[in-house]
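Raw entry.cif, mmCIF, C-alpha atoms and all ligand atoms:
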```
data_data
#
loop_
_atom_site.label_atom_id
_atom_site.label_comp_id
_atom_site.auth_asym_id
_atom_site.auth_seq_id
_atom_site.Cartn_x
_atom_site.Cartn_y
_atom_site.Cartn_z
CA MET A 256 63.39 192.08 61.76
CA ALA A 257 62.77 190.16 58.58
CA TYR A 258 64.85 187.92 56.40
CA SER A 259 65.12 187.94 52.65
CA THR A 260 63.98 184.72 51.06
CA CYS A 261 66.54 185.12 48.26
CA CYS A 262 69.81 185.33 50.18
CA GLY A 263 68.98 185.41 53.89
CA ALA A 264 69.96 189.04 54.37
CA TYR A 265 67.91 190.75 57.00
CA THR A 266 66.41 194.18 57.30
CA THR A 267 64.18 196.14 59.57
CA MET A 268 62.82 198.10 56.62
CA THR A 269 60.75 195.62 54.68
CA GLU A 270 58.54 198.44 53.44
CA MET A 271 61.43 199.49 51.19
CA ASP A 272 61.27 196.05 49.65
CA ILE A 273 64.91 196.22 48.55
CA CYS A 274 67.31 193.52 49.64
CA PRO A 275 70.37 195.13 51.26
CA ASP A 276 72.56 192.32 49.90
CA CYS A 277 71.64 191.92 46.26
CA LEU A 278 69.87 195.29 45.95
CA ASP A 279 66.94 193.63 44.29
CA HIS A 280 63.31 193.34 45.20
CA CYS A 281 62.98 190.41 47.55
CA ASP A 282 60.28 188.70 49.53
CA TRP A 283 60.62 188.88 53.28
CA GLU A 284 59.67 186.54 56.02
CA SER A 285 59.69 187.21 59.71
CA GLN A 286 61.85 185.30 62.15
CA GLU A 287 58.67 183.74 63.52
CA ASP A 288 57.83 182.39 60.06
CA ILE A 289 61.31 180.89 59.73
CA GLU A 290 61.13 179.26 63.18
CA GLU A 291 57.74 177.80 62.35
CA ARG A 292 59.04 176.40 59.08
CA GLU A 293 62.09 174.91 60.82
CA ARG A 294 59.80 173.20 63.34
CA ASP A 295 57.79 171.75 60.48
CA GLU A 296 60.96 170.56 58.75
CA GLN A 297 62.23 168.94 61.94
CA ALA A 298 58.95 167.14 62.39
CA GLU A 299 59.12 165.91 58.80
CA ASN A 300 62.71 164.75 59.29
CA GLN A 301 61.68 162.81 62.37
CA ILE A 302 58.94 161.09 60.41
CA GLU A 303 61.43 160.22 57.67
CA GLU A 304 63.83 158.80 60.25
CA ILE A 305 61.11 156.62 61.70
CA LYS A 306 60.26 155.33 58.22
CA ILE A 307 63.92 154.55 57.51
CA ASN A 308 64.34 152.78 60.85
CA LYS A 309 61.34 150.62 60.12
CA LEU A 310 62.86 149.55 56.80
CA ASN A 311 66.12 148.46 58.42
ZN ZN B 1 68.89 189.29 48.44
#
```
As structure tokens, what does this structure read like?
Amino acid sequence: MAYSTCCGAYTTMTEMDICPDCLDHCDWESQEDIEERERDEQAENQIEEIKINKLN
């Protein structure tokens, strides 16, 4: 299963390269890629929070 990077629609047929939602050619990323990116974003948010707390 892969998600479209344009609108978040998902497909199991990335080889077709057509987004089922907007019927356009989209880039796809796997669920694993998304989870990894979310982990990175959470880590970054935590760092930002620490910075903000230090300022207050
Ligand atoms: Zn799309």
Which residues of chain A come within 12 Å of ligand ZN 1 (chain B), and for each one, what is the closest pair of atoms and their distance in Å to one decimal, counting all atoms listed in the file, sorted by chain and residue number, as JSON lines?
```
{"residue": "A:Ala257", "atom": "CA", "partner": "B:ZN1", "partner_atom": "ZN", "distance": 11.9}
{"residue": "A:Tyr258", "atom": "CA", "partner": "B:ZN1", "partner_atom": "ZN", "distance": 9.0}
{"residue": "A:Ser259", "atom": "CA", "partner": "B:ZN1", "partner_atom": "ZN", "distance": 5.8}
{"residue": "A:Thr260", "atom": "CA", "partner": "B:ZN1", "partner_atom": "ZN", "distance": 7.2}
{"residue": "A:Cys261", "atom": "CA", "partner": "B:ZN1", "partner_atom": "ZN", "distance": 4.8}
{"residue": "A:Cys262", "atom": "CA", "partner": "B:ZN1", "partner_atom": "ZN", "distance": 4.4}
{"residue": "A:Gly263", "atom": "CA", "partner": "B:ZN1", "partner_atom": "ZN", "distance": 6.7}
{"residue": "A:Ala264", "atom": "CA", "partner": "B:ZN1", "partner_atom": "ZN", "distance": 6.0}
{"residue": "A:Tyr265", "atom": "CA", "partner": "B:ZN1", "partner_atom": "ZN", "distance": 8.7}
{"residue": "A:Thr266", "atom": "CA", "partner": "B:ZN1", "partner_atom": "ZN", "distance": 10.4}
{"residue": "A:Asp272", "atom": "CA", "partner": "B:ZN1", "partner_atom": "ZN", "distance": 10.3}
{"residue": "A:Ile273", "atom": "CA", "partner": "B:ZN1", "partner_atom": "ZN", "distance": 8.0}
{"residue": "A:Cys274", "atom": "CA", "partner": "B:ZN1", "partner_atom": "ZN", "distance": 4.7}
{"residue": "A:Pro275", "atom": "CA", "partner": "B:ZN1", "partner_atom": "ZN", "distance": 6.7}
{"residue": "A:Asp276", "atom": "CA", "partner": "B:ZN1", "partner_atom": "ZN", "distance": 5.0}
{"residue": "A:Cys277", "atom": "CA", "partner": "B:ZN1", "partner_atom": "ZN", "distance": 4.4}
{"residue": "A:Leu278", "atom": "CA", "partner": "B:ZN1", "partner_atom": "ZN", "distance": 6.6}
{"residue": "A:Asp279", "atom": "CA", "partner": "B:ZN1", "partner_atom": "ZN", "distance": 6.3}
{"residue": "A:His280", "atom": "CA", "partner": "B:ZN1", "partner_atom": "ZN", "distance": 7.6}
{"residue": "A:Cys281", "atom": "CA", "partner": "B:ZN1", "partner_atom": "ZN", "distance": 6.1}
{"residue": "A:Asp282", "atom": "CA", "partner": "B:ZN1", "partner_atom": "ZN", "distance": 8.7}
{"residue": "A:Trp283", "atom": "CA", "partner": "B:ZN1", "partner_atom": "ZN", "distance": 9.6}
```
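Put simply, CA of Gln297 in chain A is 27.7 Å away from CA of Thr269 in chain A.
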Identify which of the residues A:Met268, A:Glu303, A:Asn308, A:Glu293 lies closest to Met256 in chain A, counting only C-alpha atoms when measuring atom-to-atom distances.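 Closest to Met256 in chain A, using only C-alpha atoms: A:Met268.
With CA of Gln286 in chain A on one side and CA of Glu270 in chain A on the other, the separation reads 16.1 Å.
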Taking all atoms of range 299-303 of chain A that appear in the file, build a box with edges along x, y and z, extend it by 5 Å on every side, and state its centre and edge lengths in Å to one decimal, as JSON.
```
{"center_x": 60.8, "center_y": 163.1, "center_z": 60.0, "size_x": 13.8, "size_y": 15.7, "size_z": 14.7}
```
Please report the interatomic distance between CA of Thr267 in chain A and CA of Glu284 in chain A in Å with one decimal.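 Value for the CA of Thr267 in chain A-CA of Glu284 in chain A distance: 11.2 Å.
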